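A.B. asks: Handing over entry.pdb, PDB, C-alpha atoms.
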ATOM      1  CA  MET A 760     127.509 -15.343-150.927
ATOM      2  CA  THR A 761     126.389 -18.521-152.692
ATOM      3  CA  ARG A 762     123.629 -18.003-155.238
ATOM      4  CA  GLN A 763     121.287 -20.336-157.060
ATOM      5  CA  ILE A 764     121.848 -19.699-160.772
ATOM      6  CA  GLY A 765     120.047 -21.129-163.793
ATOM      7  CA  ILE A 766     121.468 -21.144-167.323
ATOM      8  CA  LEU A 767     119.155 -21.600-170.295
ATOM      9  CA  GLY A 768     121.324 -23.007-173.071
ATOM     10  CA  ALA A 769     124.000 -25.711-172.877
ATOM     11  CA  GLY A 770     126.111 -24.615-175.816
ATOM     12  CA  THR A 771     129.798 -23.840-175.446
ATOM     13  CA  TRP A 772     129.255 -20.395-173.869
ATOM     14  CA  GLY A 773     126.509 -21.462-171.485
ATOM     15  CA  THR A 774     128.604 -24.451-170.410
ATOM     16  CA  ALA A 775     131.798 -22.412-169.952
ATOM     17  CA  LEU A 776     129.941 -19.838-167.854
ATOM     18  CA  GLY A 777     128.297 -22.594-165.849
ATOM     19  CA  ARG A 778     131.693 -24.023-164.970
ATOM     20  CA  LEU A 779     133.015 -20.558-164.083
ATOM     21  CA  LEU A 780     130.051 -19.832-161.811
ATOM     22  CA  THR A 781     130.331 -23.244-160.164
ATOM     23  CA  LYS A 782     134.037 -22.629-159.514
ATOM     24  CA  ASN A 783     133.020 -19.251-158.035
ATOM     25  CA  GLY A 784     131.039 -21.146-155.394
ATOM     26  CA  HIS A 785     127.520 -20.870-156.825
ATOM     27  CA  GLU A 786     124.964 -23.640-157.327
ATOM     28  CA  VAL A 787     124.394 -23.880-161.077
ATOM     29  CA  THR A 788     121.702 -25.669-163.083
ATOM     30  CA  VAL A 789     122.021 -25.738-166.888
ATOM     31  CA  TRP A 790     119.057 -26.499-169.160
ATOM     32  CA  SER A 791     118.902 -27.415-172.833
ATOM     33  CA  ALA A 792     115.965 -28.108-175.127
ATOM     34  CA  LEU A 793     118.101 -30.866-176.653
ATOM     35  CA  GLY A 794     117.542 -33.910-174.446
ATOM     36  CA  ASP A 795     120.401 -35.886-175.993
ATOM     37  CA  GLN A 796     122.769 -33.035-175.174
ATOM     38  CA  ILE A 797     121.768 -33.141-171.507
ATOM     39  CA  ASP A 798     122.173 -36.926-171.419
ATOM     40  CA  THR A 799     125.690 -36.618-172.878
ATOM     41  CA  LEU A 800     126.734 -33.894-170.434
ATOM     42  CA  ASN A 801     125.398 -35.810-167.429
ATOM     43  CA  ARG A 802     127.096 -39.007-168.577
ATOM     44  CA  ASP A 803     130.465 -37.722-169.790
ATOM     45  CA  ARG A 804     130.851 -34.439-167.813
ATOM     46  CA  VAL A 805     132.614 -33.048-170.915
ATOM     47  CA  HIS A 806     131.105 -30.793-173.581
ATOM     48  CA  PRO A 807     131.783 -32.318-177.026
ATOM     49  CA  ASN A 808     132.842 -28.935-178.443
ATOM     50  CA  LEU A 809     135.067 -28.156-175.435
ATOM     51  CA  PRO A 810     137.140 -31.332-175.159
ATOM     52  CA  GLY A 811     139.691 -31.978-172.450
ATOM     53  CA  ILE A 812     137.927 -30.115-169.637
ATOM     54  CA  ARG A 813     135.893 -32.137-167.156
ATOM     55  CA  LEU A 814     132.914 -30.250-165.795
ATOM     56  CA  PRO A 815     132.462 -30.052-162.009
ATOM     57  CA  ASP A 816     130.333 -32.767-160.439
ATOM     58  CA  GLU A 817     128.392 -30.043-158.607
ATOM     59  CA  MET A 818     127.218 -28.537-161.911
ATOM     60  CA  ARG A 819     123.719 -29.800-162.704
ATOM     61  CA  PHE A 820     122.235 -30.419-166.151
ATOM     62  CA  THR A 821     118.488 -30.735-166.621
ATOM     63  CA  LYS A 822     115.829 -31.240-169.294
ATOM     64  CA  SER A 823     113.315 -29.317-167.155
ATOM     65  CA  ILE A 824     113.168 -25.592-167.912
ATOM     66  CA  GLU A 825     111.133 -25.148-164.731
ATOM     67  CA  GLU A 826     113.972 -26.600-162.656
ATOM     68  CA  ALA A 827     116.453 -24.181-164.267
ATOM     69  CA  VAL A 828     114.353 -21.092-163.474
ATOM     70  CA  VAL A 829     112.339 -21.637-160.275
ATOM     71  CA  GLY A 830     114.126 -20.493-157.130
ATOM     72  CA  LYS A 831     117.109 -19.022-158.977
ATOM     73  CA  SER A 832     118.316 -15.545-158.043
ATOM     74  CA  ILE A 833     119.963 -15.142-161.479
ATOM     75  CA  VAL A 834     118.867 -16.703-164.771
ATOM     76  CA  VAL A 835     121.359 -16.544-167.651
ATOM     77  CA  ILE A 836     119.977 -16.636-171.204
ATOM     78  CA  ALA A 837     122.638 -18.438-173.256
ATOM     79  CA  THR A 838     120.726 -19.807-176.232
ATOM     80  CA  PRO A 839     121.496 -18.590-179.774
ATOM     81  CA  SER A 840     119.729 -15.284-180.354
ATOM     82  CA  VAL A 841     117.042 -16.774-182.647
ATOM     83  CA  TYR A 842     115.904 -19.033-179.788
ATOM     84  CA  VAL A 843     115.792 -16.414-177.033
ATOM     85  CA  ARG A 844     112.124 -15.478-177.524
ATOM     86  CA  PRO A 845     110.714 -19.033-177.781
ATOM     87  CA  THR A 846     112.806 -20.088-174.786
ATOM     88  CA  LEU A 847     111.522 -17.201-172.669
ATOM     89  CA  HIS A 848     107.978 -17.840-173.831
ATOM     90  CA  ALA A 849     108.245 -21.450-172.686
ATOM     91  CA  ALA A 850     109.625 -20.398-169.289
ATOM     92  CA  ARG A 851     107.743 -17.148-168.619
ATOM     93  CA  GLU A 852     105.379 -18.597-165.998
ATOM     94  CA  PHE A 853     108.353 -19.633-163.844
ATOM     95  CA  PHE A 854     110.041 -16.215-163.533
ATOM     96  CA  THR A 855     109.527 -14.042-160.447
ATOM     97  CA  PRO A 856     110.090 -10.300-159.833
ATOM     98  CA  ASP A 857     113.126 -10.761-157.582
ATOM     99  CA  GLN A 858     115.265 -12.463-160.244
ATOM    100  CA  ILE A 859     118.010 -10.923-162.343
ATOM    101  CA  VAL A 860     117.950 -11.985-165.999
ATOM    102  CA  VAL A 861     121.349 -11.899-167.743
ATOM    103  CA  THR A 862     121.577 -12.219-171.507
ATOM    104  CA  VAL A 863     124.808 -13.501-173.026
ATOM    105  CA  ALA A 864     123.179 -14.068-176.439
ATOM    106  CA  LYS A 865     124.514 -11.740-179.141
ATOM    107  CA  GLY A 866     122.045 -10.734-181.795
ATOM    108  CA  ILE A 867     119.167  -8.544-182.949
ATOM    109  CA  GLU A 868     115.741 -10.035-183.608
ATOM    110  CA  SER A 869     115.251  -9.876-187.362
ATOM    111  CA  ASP A 870     111.558  -8.981-187.544
ATOM    112  CA  THR A 871     111.250  -6.615-184.549
ATOM    113  CA  LEU A 872     114.845  -5.224-184.602
ATOM    114  CA  LEU A 873     114.931  -5.626-180.816
ATOM    115  CA  THR A 874     118.127  -6.373-178.890
ATOM    116  CA  MET A 875     118.075  -9.409-176.623
ATOM    117  CA  SER A 876     117.386  -7.353-173.480
ATOM    118  CA  GLU A 877     114.432  -5.790-175.290
ATOM    119  CA  VAL A 878     113.193  -9.259-176.272
ATOM    120  CA  ILE A 879     113.358 -10.212-172.589
ATOM    121  CA  GLU A 880     111.355  -7.102-171.693
ATOM    122  CA  SER A 881     108.741  -7.835-174.349
ATOM    123  CA  GLU A 882     108.292 -11.447-173.208
ATOM    124  CA  LEU A 883     108.425 -10.958-169.433
ATOM    125  CA  GLY A 884     107.988  -7.253-168.766
ATOM    126  CA  ASP A 885     104.187  -7.218-168.753
ATOM    127  CA  GLN A 886     104.160  -9.339-165.627
ATOM    128  CA  LEU A 887     107.464  -8.569-163.922
ATOM    129  CA  PRO A 888     109.501  -5.535-162.778
ATOM    130  CA  LEU A 889     112.600  -6.789-164.534
ATOM    131  CA  LYS A 890     116.255  -6.478-163.578
ATOM    132  CA  ILE A 891     118.159  -7.157-166.804
ATOM    133  CA  ALA A 892     121.861  -7.169-167.644
ATOM    134  CA  ALA A 893     123.850  -8.017-170.758
ATOM    135  CA  LEU A 894     127.245  -9.698-170.390
ATOM    136  CA  SER A 895     129.440  -9.153-173.442
ATOM    137  CA  GLY A 896     133.071  -8.805-174.462
ATOM    138  CA  PRO A 897     136.080 -10.570-176.034
ATOM    139  CA  THR A 898     135.589 -13.927-174.328
ATOM    140  CA  HIS A 899     135.739 -17.141-176.343
ATOM    141  CA  ALA A 900     134.297 -20.105-174.445
ATOM    142  CA  GLU A 901     137.315 -22.212-175.456
ATOM    143  CA  GLU A 902     139.580 -19.945-173.365
ATOM    144  CA  VAL A 903     137.244 -19.100-170.489
ATOM    145  CA  ILE A 904     136.637 -22.783-169.740
ATOM    146  CA  ARG A 905     140.418 -23.242-169.463
ATOM    147  CA  ASP A 906     140.700 -20.365-166.963
ATOM    148  CA  MET A 907     142.692 -18.199-169.359
ATOM    149  CA  PRO A 908     142.656 -14.476-168.434
ATOM    150  CA  SER A 909     139.678 -12.655-169.937
ATOM    151  CA  ALA A 910     137.741  -9.428-169.394
ATOM    152  CA  ILE A 911     134.087  -8.644-170.080
ATOM    153  CA  VAL A 912     131.388  -6.002-169.483
ATOM    154  CA  SER A 913     128.279  -6.276-167.303
ATOM    155  CA  ALA A 914     125.862  -3.753-168.791
ATOM    156  CA  SER A 915     122.563  -2.617-167.315
ATOM    157  CA  SER A 916     120.521   0.563-167.149
ATOM    158  CA  ASP A 917     120.340  -0.163-163.400
ATOM    159  CA  PRO A 918     123.811   0.266-161.839
ATOM    160  CA  ALA A 919     122.931  -1.971-158.873
ATOM    161  CA  THR A 920     122.048  -4.853-161.193
ATOM    162  CA  ALA A 921     125.248  -4.403-163.199
ATOM    163  CA  LYS A 922     127.233  -4.451-159.943
ATOM    164  CA  ILE A 923     125.632  -7.669-158.689
ATOM    165  CA  VAL A 924     126.353  -9.431-161.982
ATOM    166  CA  GLN A 925     129.918  -8.089-161.902
ATOM    167  CA  GLU A 926     130.534  -9.541-158.439
ATOM    168  CA  VAL A 927     128.897 -12.907-159.192
ATOM    169  CA  PHE A 928     130.897 -13.604-162.356
ATOM    170  CA  ALA A 929     134.273 -12.058-161.517
ATOM    171  CA  ASN A 930     137.282 -14.056-160.362
ATOM    172  CA  GLY A 931     141.064 -13.972-160.723
ATOM    173  CA  ASN A 932     140.886 -15.096-164.350
ATOM    174  CA  PHE A 933     137.669 -13.335-165.369
ATOM    175  CA  ARG A 934     137.651  -9.577-164.862
ATOM    176  CA  VAL A 935     134.244  -7.875-165.143
ATOM    177  CA  TYR A 936     133.630  -4.157-165.715
ATOM    178  CA  THR A 937     130.262  -2.382-165.502
ATOM    179  CA  ASN A 938     128.591  -0.167-168.101
ATOM    180  CA  ASP A 939     125.190   1.556-168.119
ATOM    181  CA  ASP A 940     124.856   1.561-171.944
ATOM    182  CA  ILE A 941     123.173  -1.823-172.318
ATOM    183  CA  HIS A 942     121.884  -1.223-175.838
ATOM    184  CA  GLY A 943     125.283  -0.003-177.061
ATOM    185  CA  VAL A 944     126.926  -3.099-175.601
ATOM    186  CA  GLU A 945     124.340  -5.345-177.242
ATOM    187  CA  LEU A 946     124.613  -3.593-180.594
ATOM    188  CA  CYS A 947     128.382  -4.146-180.600
ATOM    189  CA  GLY A 948     127.909  -7.818-179.736
ATOM    190  CA  ALA A 949     125.522  -8.365-182.629
ATOM    191  CA  LEU A 950     127.151  -6.362-185.408
ATOM    192  CA  LYS A 951     130.773  -7.353-184.785
ATOM    193  CA  ASN A 952     129.882 -10.822-186.045
ATOM    194  CA  ILE A 953     129.100  -9.385-189.491
ATOM    195  CA  ILE A 954     132.515  -7.703-189.645
ATOM    196  CA  ALA A 955     134.103 -10.998-188.552
ATOM    197  CA  LEU A 956     132.499 -12.695-191.555
ATOM    198  CA  ALA A 957     134.168 -10.076-193.760
ATOM    199  CA  SER A 958     137.504 -10.559-191.973
ATOM    200  CA  GLY A 959     137.324 -14.299-192.539
ATOM    201  CA  MET A 960     136.547 -13.753-196.220
ATOM    202  CA  ALA A 961     139.585 -11.516-196.563
ATOM    203  CA  ALA A 962     141.781 -14.202-195.007
ATOM    204  CA  GLY A 963     140.226 -16.847-197.243
ATOM    205  CA  LEU A 964     141.014 -14.714-200.292
ATOM    206  CA  GLY A 965     144.650 -14.690-199.198
ATOM    207  CA  TYR A 966     144.761 -11.074-198.064
ATOM    208  CA  GLY A 967     147.095 -10.182-195.207
ATOM    209  CA  ASP A 968     147.254  -8.342-191.909
ATOM    210  CA  ASN A 969     146.825  -4.954-193.576
ATOM    211  CA  ALA A 970     143.399  -5.910-194.923
ATOM    212  CA  ARG A 971     142.273  -7.371-191.599
ATOM    213  CA  ALA A 972     143.379  -4.268-189.676
ATOM    214  CA  ALA A 973     141.509  -2.074-192.132
ATOM    215  CA  LEU A 974     138.352  -4.168-191.830
ATOM    216  CA  ILE A 975     138.449  -4.090-188.041
ATOM    217  CA  THR A 976     138.982  -0.328-187.952
ATOM    218  CA  ARG A 977     136.467   0.602-190.634
ATOM    219  CA  GLY A 978     134.053  -2.014-189.360
ATOM    220  CA  MET A 979     134.018  -0.390-185.945
ATOM    221  CA  ALA A 980     133.533   2.990-187.624
ATOM    222  CA  GLU A 981     130.277   1.813-189.173
ATOM    223  CA  ILE A 982     129.075   0.056-185.997
ATOM    224  CA  ARG A 983     129.788   3.237-184.013
ATOM    225  CA  ARG A 984     128.059   5.368-186.657
ATOM    226  CA  LEU A 985     124.871   3.333-186.303
ATOM    227  CA  GLY A 986     125.114   3.184-182.517
ATOM    228  CA  ILE A 987     125.400   6.945-182.135
ATOM    229  CA  ALA A 988     122.408   7.400-184.465
ATOM    230  CA  MET A 989     120.475   5.058-182.143
ATOM    231  CA  GLY A 990     121.417   7.028-179.029
ATOM    232  CA  CYS A 991     124.186   4.783-177.671
ATOM    233  CA  HIS A 992     127.250   6.144-175.861
ATOM    234  CA  GLU A 993     130.328   6.701-178.022
ATOM    235  CA  ASP A 994     132.678   5.429-175.291
ATOM    236  CA  THR A 995     131.049   1.996-175.457
ATOM    237  CA  PHE A 996     132.468   1.413-178.932
ATOM    238  CA  ARG A 997     136.015   2.061-177.689
ATOM    239  CA  GLY A 998     135.636  -0.462-174.861
ATOM    240  CA  LEU A 999     135.764  -4.220-174.333
ATOM    241  CA  ALA A1000     132.290  -4.867-175.735
ATOM    242  CA  GLY A1001     133.132  -2.717-178.766
ATOM    243  CA  ILE A1002     136.608  -2.750-180.244
ATOM    244  CA  GLY A1003     137.743  -5.495-177.843
ATOM    245  CA  ASP A1004     135.148  -8.025-178.957
ATOM    246  CA  LEU A1005     135.549  -6.974-182.589
ATOM    247  CA  ILE A1006     139.304  -7.629-182.531
ATOM    248  CA  VAL A1007     139.011 -11.138-181.113
ATOM    249  CA  THR A1008     136.083 -12.153-183.323
ATOM    250  CA  CYS A1009     137.851 -10.903-186.466
ATOM    251  CA  SER A1010     141.151 -12.561-185.605
ATOM    252  CA  SER A1011     140.588 -15.895-183.877
ATOM    253  CA  ASN A1012     140.166 -19.385-185.248
ATOM    254  CA  ASN A1013     137.768 -19.935-182.327
ATOM    255  CA  SER A1014     135.358 -17.513-184.028
ATOM    256  CA  ARG A1015     132.555 -19.294-185.903
ATOM    257  CA  ASN A1016     131.939 -16.161-187.953
ATOM    258  CA  PHE A1017     135.584 -15.902-188.970
ATOM    259  CA  LYS A1018     135.651 -19.602-189.905
ATOM    260  CA  CYS A1019     132.497 -19.253-191.973
ATOM    261  CA  GLY A1020     133.836 -16.192-193.779
ATOM    262  CA  TYR A1021     137.182 -17.896-194.404
ATOM    263  CA  MET A1022     135.507 -20.775-196.226
ATOM    264  CA  ILE A1023     133.438 -18.378-198.313
ATOM    265  CA  GLY A1024     136.597 -16.470-199.249
ATOM    266  CA  GLN A1025     138.055 -19.775-200.444
ATOM    267  CA  GLY A1026     135.070 -20.341-202.711
ATOM    268  CA  VAL A1027     132.664 -22.365-200.566
ATOM    269  CA  ILE A1028     129.067 -21.234-201.042
ATOM    270  CA  PRO A1029     127.576 -19.559-197.938
ATOM    271  CA  GLU A1030     125.022 -22.299-197.192
ATOM    272  CA  GLU A1031     127.713 -24.980-197.239
ATOM    273  CA  ALA A1032     130.086 -22.863-195.135
ATOM    274  CA  ILE A1033     127.410 -22.466-192.468
ATOM    275  CA  ARG A1034     126.795 -26.216-192.503
ATOM    276  CA  ARG A1035     130.505 -27.004-192.117
ATOM    277  CA  VAL A1036     130.862 -24.698-189.103
ATOM    278  CA  GLY A1037     128.367 -26.968-187.378
ATOM    279  CA  MET A1038     127.177 -24.377-184.870
ATOM    280  CA  VAL A1039     125.108 -21.188-185.088
ATOM    281  CA  VAL A1040     126.814 -18.418-187.092
ATOM    282  CA  GLU A1041     125.311 -15.341-185.428
ATOM    283  CA  GLY A1042     126.622 -12.885-188.010
ATOM    284  CA  VAL A1043     124.382 -14.438-190.652
ATOM    285  CA  ASN A1044     121.354 -14.093-188.380
ATOM    286  CA  ALA A1045     122.209 -10.415-187.754
ATOM    287  CA  LEU A1046     122.417  -9.391-191.414
ATOM    288  CA  HIS A1047     118.733  -8.672-192.018
ATOM    289  CA  ALA A1048     118.402  -6.573-188.867
ATOM    290  CA  ALA A1049     121.598  -4.666-189.663
ATOM    291  CA  MET A1050     120.342  -3.718-193.110
ATOM    292  CA  GLN A1051     116.965  -2.661-191.699
ATOM    293  CA  LEU A1052     118.602  -0.505-189.006
ATOM    294  CA  LYS A1053     120.941   0.995-191.614
ATOM    295  CA  GLU A1054     117.952   2.116-193.669
ATOM    296  CA  ARG A1055     115.921   3.297-190.677
ATOM    297  CA  HIS A1056     118.716   5.533-189.378
ATOM    298  CA  GLN A1057     120.144   6.472-192.788
ATOM    299  CA  VAL A1058     123.769   5.611-192.001
ATOM    300  CA  VAL A1059     126.511   4.295-194.287
ATOM    301  CA  MET A1060     127.559   0.676-193.570
ATOM    302  CA  ASN A1061     129.470  -0.425-196.660
ATOM    303  CA  ILE A1062     131.185  -3.492-195.193
ATOM    304  CA  SER A1063     128.005  -4.905-193.697
ATOM    305  CA  GLU A1064     126.134  -4.159-196.917
ATOM    306  CA  GLY A1065     128.790  -6.003-198.913
ATOM    307  CA  VAL A1066     128.509  -9.072-196.661
ATOM    308  CA  ALA A1067     124.716  -8.994-197.068
ATOM    309  CA  LYS A1068     125.125  -8.980-200.872
ATOM    310  CA  ILE A1069     127.326 -12.068-200.688
ATOM    311  CA  PHE A1070     124.839 -14.017-198.553
ATOM    312  CA  ALA A1071     121.988 -12.918-200.821
ATOM    313  CA  GLY A1072     123.900 -14.352-203.797
ATOM    314  CA  HIS A1073     124.268 -10.972-205.497
ATOM    315  CA  ALA A1074     128.087 -10.891-205.456
ATOM    316  CA  ASP A1075     131.124 -12.932-204.463
ATOM    317  CA  SER A1076     133.689 -11.959-201.842
ATOM    318  CA  ARG A1077     136.387 -10.925-204.312
ATOM    319  CA  THR A1078     133.986  -8.612-206.144
ATOM    320  CA  VAL A1079     132.822  -7.005-202.901
ATOM    321  CA  ALA A1080     136.430  -6.496-201.765
ATOM    322  CA  ALA A1081     137.190  -4.701-205.040
ATOM    323  CA  GLU A1082     134.089  -2.525-204.685
ATOM    324  CA  LEU A1083     135.103  -1.514-201.161
ATOM    325  CA  MET A1084     138.625  -0.613-202.253
ATOM    326  CA  ASN A1085     137.532   1.386-205.282
ATOM    327  CA  ARG A1086     134.823   3.566-203.769
ATOM    328  CA  ALA A1087     135.143   7.360-204.050
ATOM    329  CA  LEU A1088     137.955   8.675-201.853
ATOM    330  CA  LYS A1089     136.908  10.484-198.674
ATOM    331  CA  ALA A1090     138.099  11.859-195.345
ATOM    332  CA  GLU A1091     138.502   9.223-192.630
ATOM    333  CA  ASN A1092     136.023  10.899-190.255
ATOM    334  CA  ASP A1093     133.244  11.277-192.821
TER
END
Would you mind writing the file's structure down as structure tokens?
C.D. replies:
Amino acid sequence: MTRQIGILGAGTWGTALGRLLTKNGHEVTVWSALGDQIDTLNRDRVHPNLPGIRLPDEMRFTKSIEEAVVGKSIVVIATPSVYVRPTLHAAREFFTPDQIVVTVAKGIESDTLLTMSEVIESELGDQLPLKIAALSGPTHAEEVIRDMPSAIVSASSDPATAKIVQEVFANGNFRVYTNDDIHGVELCGALKNIIALASGMAAGLGYGDNARAALITRGMAEIRRLGIAMGCHEDTFRGLAGIGDLIVTCSSNNSRNFKCGYMIGQGVIPEEAIRRVGMVVEGVNALHAAMQLKERHQVVMNISEGVAKIFAGHADSRTVAAELMNRALKAEND
């Protein structure tokens, strides 16, 4: 069944998913608030940050947010998390009750502490009976756009919605599982970026595989600790959206968060490291919300707290690493 699908956001992930959906036989329209970006994509049919892959001629790019939303059975929200609310606010009059809204943005709103699906509900829910899903997992755009095997999770509190999204996105190179713990999936997607910053710092300091493995394992322990306190399902943290996404984000040179952390570990100040990455570093945006949630639910999150200290200018990465290693000894499950 061919569907009309709109994608709000023409970054690397929105573009890679647009190509995938077009190859799956759907009619795809991609919007960006950046007019020059749309002009470049229409002219060159290649995303500048995803070189070497020509985008299908059938894939449409538009400067009109109305065109990307009206008449679409599925609308994918693929902007950076800090732009999700203003984008939805600009488009809210064009949404209709029969549409499914899929968020692929990974973050937590810093002032409200809402996940992206909750931001969608708060912007659109007063006028629409919403069908919302979150699509998340270990899936770098640089690999998905090259049809390299990947697996991801379609999460929704409504099993029928999760199933539709699963069937629309899945193909022989892109395996999609369903999950009903949408907030657990979203929490993993937001907080793993903070741990990836720490992993990059460790690599930049010259530490080895042992340190990275410890950060990944203990990082997931603190994400799971917070998630359980917030009522999420423990199994979610052992799945693709949990440990799977954490592993790839903490280990890959395609990870913006890892790259940013690596430069900081080598002595680059955080502001300059963010600038050099050249794209949104979601882990930085998630830090304030993570610290607020930590306090609200009274859970221990030492790695995330250490990263927050570094970005606040209260410590450097080597000092934080020493503090983490020299804390009071404890049982692993405490």
A.B. asks: Could you spell out the hits of the PyMOL selection byres ((chain A and resi 986-990) around 10) on the shown file, as a VMD selection string?
C.D. replies: chain A and resid 940 942 to 944 946 to 947 980 to 985 991 to 993 995 to 996 1052 to 1053 1055 to 1058
A.B. asks: Would you kindly return, as a PyMOL selection string, each protein, DNA or RNA residue with an atom no farther than 12 Å from any atom of Arg844 of chain A, considering only C-alpha atoms and excluding same-chain residues fewer than 4 positions away?
C.D. replies: chain A and resi 767+836-840+848-851+862+864+866-871+873-883
A.B. asks: Looking at A:Asn1092, A:Ser913, A:Thr761, A:Asn1044, which one is nearest to Leu872 of chain A, with distances taken over all atoms listed in the file?
C.D. replies: A:Asn1044
A.B. asks: Please evaluate the PyMOL selection byres ((chain A and resi 774-785) around 8) against the structure above and give the resulting residues as a PyMOL selection string.
C.D. replies: chain A and resi 761-764+766+768-773+786-789+806+814-815+817-818+900-901+903-904+927-928+930
A.B. asks: Tell me which protein, DNA and RNA residues are within 12 Å of Pro918 of chain A, counting all atoms listed in the file, leaving out same-chain ones fewer than 4 positions away, and put them as a VMD selection string.
C.D. replies: chain A and resid 890 to 892 913 to 914 922 to 925 936 to 941
A.B. asks: Applying the PyMOL selection byres ((chain A and resi 857) around 12) to the file I just gave you, which residues come out? Please list them as a ChimeraX atom specification.
C.D. replies: /A:828-834,853-856,858-860,887-891,920
A.B. asks: List the neighbours of segment 961-975 of chain A out to 10 Å using only C-alpha atoms; skip same-chain residues closer than 2 positions along the sequence, and give me the result as a PDB file with C-alpha atoms, keeping the file's coordinate frame.
C.D. replies:
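Final output, part_39.pdb:
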ATOM      1  CA  LYS A 951     130.773  -7.353-184.785  1.00  0.00           C
ATOM      2  CA  ILE A 954     132.515  -7.703-189.645  1.00  0.00           C
ATOM      3  CA  ALA A 955     134.103 -10.998-188.552  1.00  0.00           C
ATOM      4  CA  LEU A 956     132.499 -12.695-191.555  1.00  0.00           C
ATOM      5  CA  ALA A 957     134.168 -10.076-193.760  1.00  0.00           C
ATOM      6  CA  SER A 958     137.504 -10.559-191.973  1.00  0.00           C
ATOM      7  CA  GLY A 959     137.324 -14.299-192.539  1.00  0.00           C
ATOM      8  CA  ARG A 977     136.467   0.602-190.634  1.00  0.00           C
ATOM      9  CA  GLY A 978     134.053  -2.014-189.360  1.00  0.00           C
ATOM     10  CA  MET A 979     134.018  -0.390-185.945  1.00  0.00           C
ATOM     11  CA  ALA A 980     133.533   2.990-187.624  1.00  0.00           C
ATOM     12  CA  ILE A1002     136.608  -2.750-180.244  1.00  0.00           C
ATOM     13  CA  LEU A1005     135.549  -6.974-182.589  1.00  0.00           C
ATOM     14  CA  ILE A1006     139.304  -7.629-182.531  1.00  0.00           C
ATOM     15  CA  VAL A1007     139.011 -11.138-181.113  1.00  0.00           C
ATOM     16  CA  THR A1008     136.083 -12.153-183.323  1.00  0.00           C
ATOM     17  CA  CYS A1009     137.851 -10.903-186.466  1.00  0.00           C
ATOM     18  CA  SER A1010     141.151 -12.561-185.605  1.00  0.00           C
ATOM     19  CA  PHE A1017     135.584 -15.902-188.970  1.00  0.00           C
ATOM     20  CA  LYS A1018     135.651 -19.602-189.905  1.00  0.00           C
ATOM     21  CA  CYS A1019     132.497 -19.253-191.973  1.00  0.00           C
ATOM     22  CA  GLY A1020     133.836 -16.192-193.779  1.00  0.00           C
ATOM     23  CA  TYR A1021     137.182 -17.896-194.404  1.00  0.00           C
ATOM     24  CA  MET A1022     135.507 -20.775-196.226  1.00  0.00           C
ATOM     25  CA  ILE A1023     133.438 -18.378-198.313  1.00  0.00           C
ATOM     26  CA  GLY A1024     136.597 -16.470-199.249  1.00  0.00           C
ATOM     27  CA  GLN A1025     138.055 -19.775-200.444  1.00  0.00           C
ATOM     28  CA  GLY A1026     135.070 -20.341-202.711  1.00  0.00           C
ATOM     29  CA  VAL A1027     132.664 -22.365-200.566  1.00  0.00           C
ATOM     30  CA  ILE A1062     131.185  -3.492-195.193  1.00  0.00           C
ATOM     31  CA  SER A1076     133.689 -11.959-201.842  1.00  0.00           C
ATOM     32  CA  ARG A1077     136.387 -10.925-204.312  1.00  0.00           C
ATOM     33  CA  ALA A1080     136.430  -6.496-201.765  1.00  0.00           C
TER      34      ALA A1080
END
A.B. asks: One decimal, in Å: what's the spacing between atom CA of Asn801 of chain A and atom CA of Phe820 of chain A?
C.D. replies: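 For atom CA of Asn801 of chain A relative to atom CA of Phe820 of chain A, the distance reads 6.4 Å.
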A.B. asks: Complete segment 915-921 of chain A with N, CA, C and O atoms (output as a PDB file, in the frame of the given file).
C.D. replies:
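What ended up in result_2.pdb:
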ATOM      1  N   SER A 915     123.958  -2.724-167.712  1.00  0.00           N
ATOM      2  CA  SER A 915     122.563  -2.617-167.315  1.00  0.00           C
ATOM      3  C   SER A 915     122.216  -1.153-167.125  1.00  0.00           C
ATOM      4  O   SER A 915     123.075  -0.353-166.718  1.00  0.00           O
ATOM      5  N   SER A 916     120.967  -0.806-167.422  1.00  0.00           N
ATOM      6  CA  SER A 916     120.521   0.563-167.149  1.00  0.00           C
ATOM      7  C   SER A 916     120.385   0.815-165.657  1.00  0.00           C
ATOM      8  O   SER A 916     120.301   1.959-165.211  1.00  0.00           O
ATOM      9  N   ASP A 917     120.389  -0.256-164.863  1.00  0.00           N
ATOM     10  CA  ASP A 917     120.340  -0.163-163.400  1.00  0.00           C
ATOM     11  C   ASP A 917     121.726  -0.481-162.839  1.00  0.00           C
ATOM     12  O   ASP A 917     122.165  -1.639-162.882  1.00  0.00           O
ATOM     13  N   PRO A 918     122.444   0.501-162.320  1.00  0.00           N
ATOM     14  CA  PRO A 918     123.811   0.266-161.839  1.00  0.00           C
ATOM     15  C   PRO A 918     123.900  -0.828-160.778  1.00  0.00           C
ATOM     16  O   PRO A 918     124.883  -1.571-160.730  1.00  0.00           O
ATOM     17  N   ALA A 919     122.888  -0.947-159.918  1.00  0.00           N
ATOM     18  CA  ALA A 919     122.931  -1.971-158.873  1.00  0.00           C
ATOM     19  C   ALA A 919     122.894  -3.372-159.477  1.00  0.00           C
ATOM     20  O   ALA A 919     123.597  -4.283-159.007  1.00  0.00           O
ATOM     21  N   THR A 920     122.107  -3.553-160.517  1.00  0.00           N
ATOM     22  CA  THR A 920     122.048  -4.853-161.193  1.00  0.00           C
ATOM     23  C   THR A 920     123.375  -5.170-161.863  1.00  0.00           C
ATOM     24  O   THR A 920     123.886  -6.297-161.754  1.00  0.00           O
ATOM     25  N   ALA A 921     123.948  -4.197-162.559  1.00  0.00           N
ATOM     26  CA  ALA A 921     125.248  -4.403-163.199  1.00  0.00           C
ATOM     27  C   ALA A 921     126.310  -4.789-162.169  1.00  0.00           C
ATOM     28  O   ALA A 921     127.158  -5.655-162.426  1.00  0.00           O
TER      29      ALA A 921
END
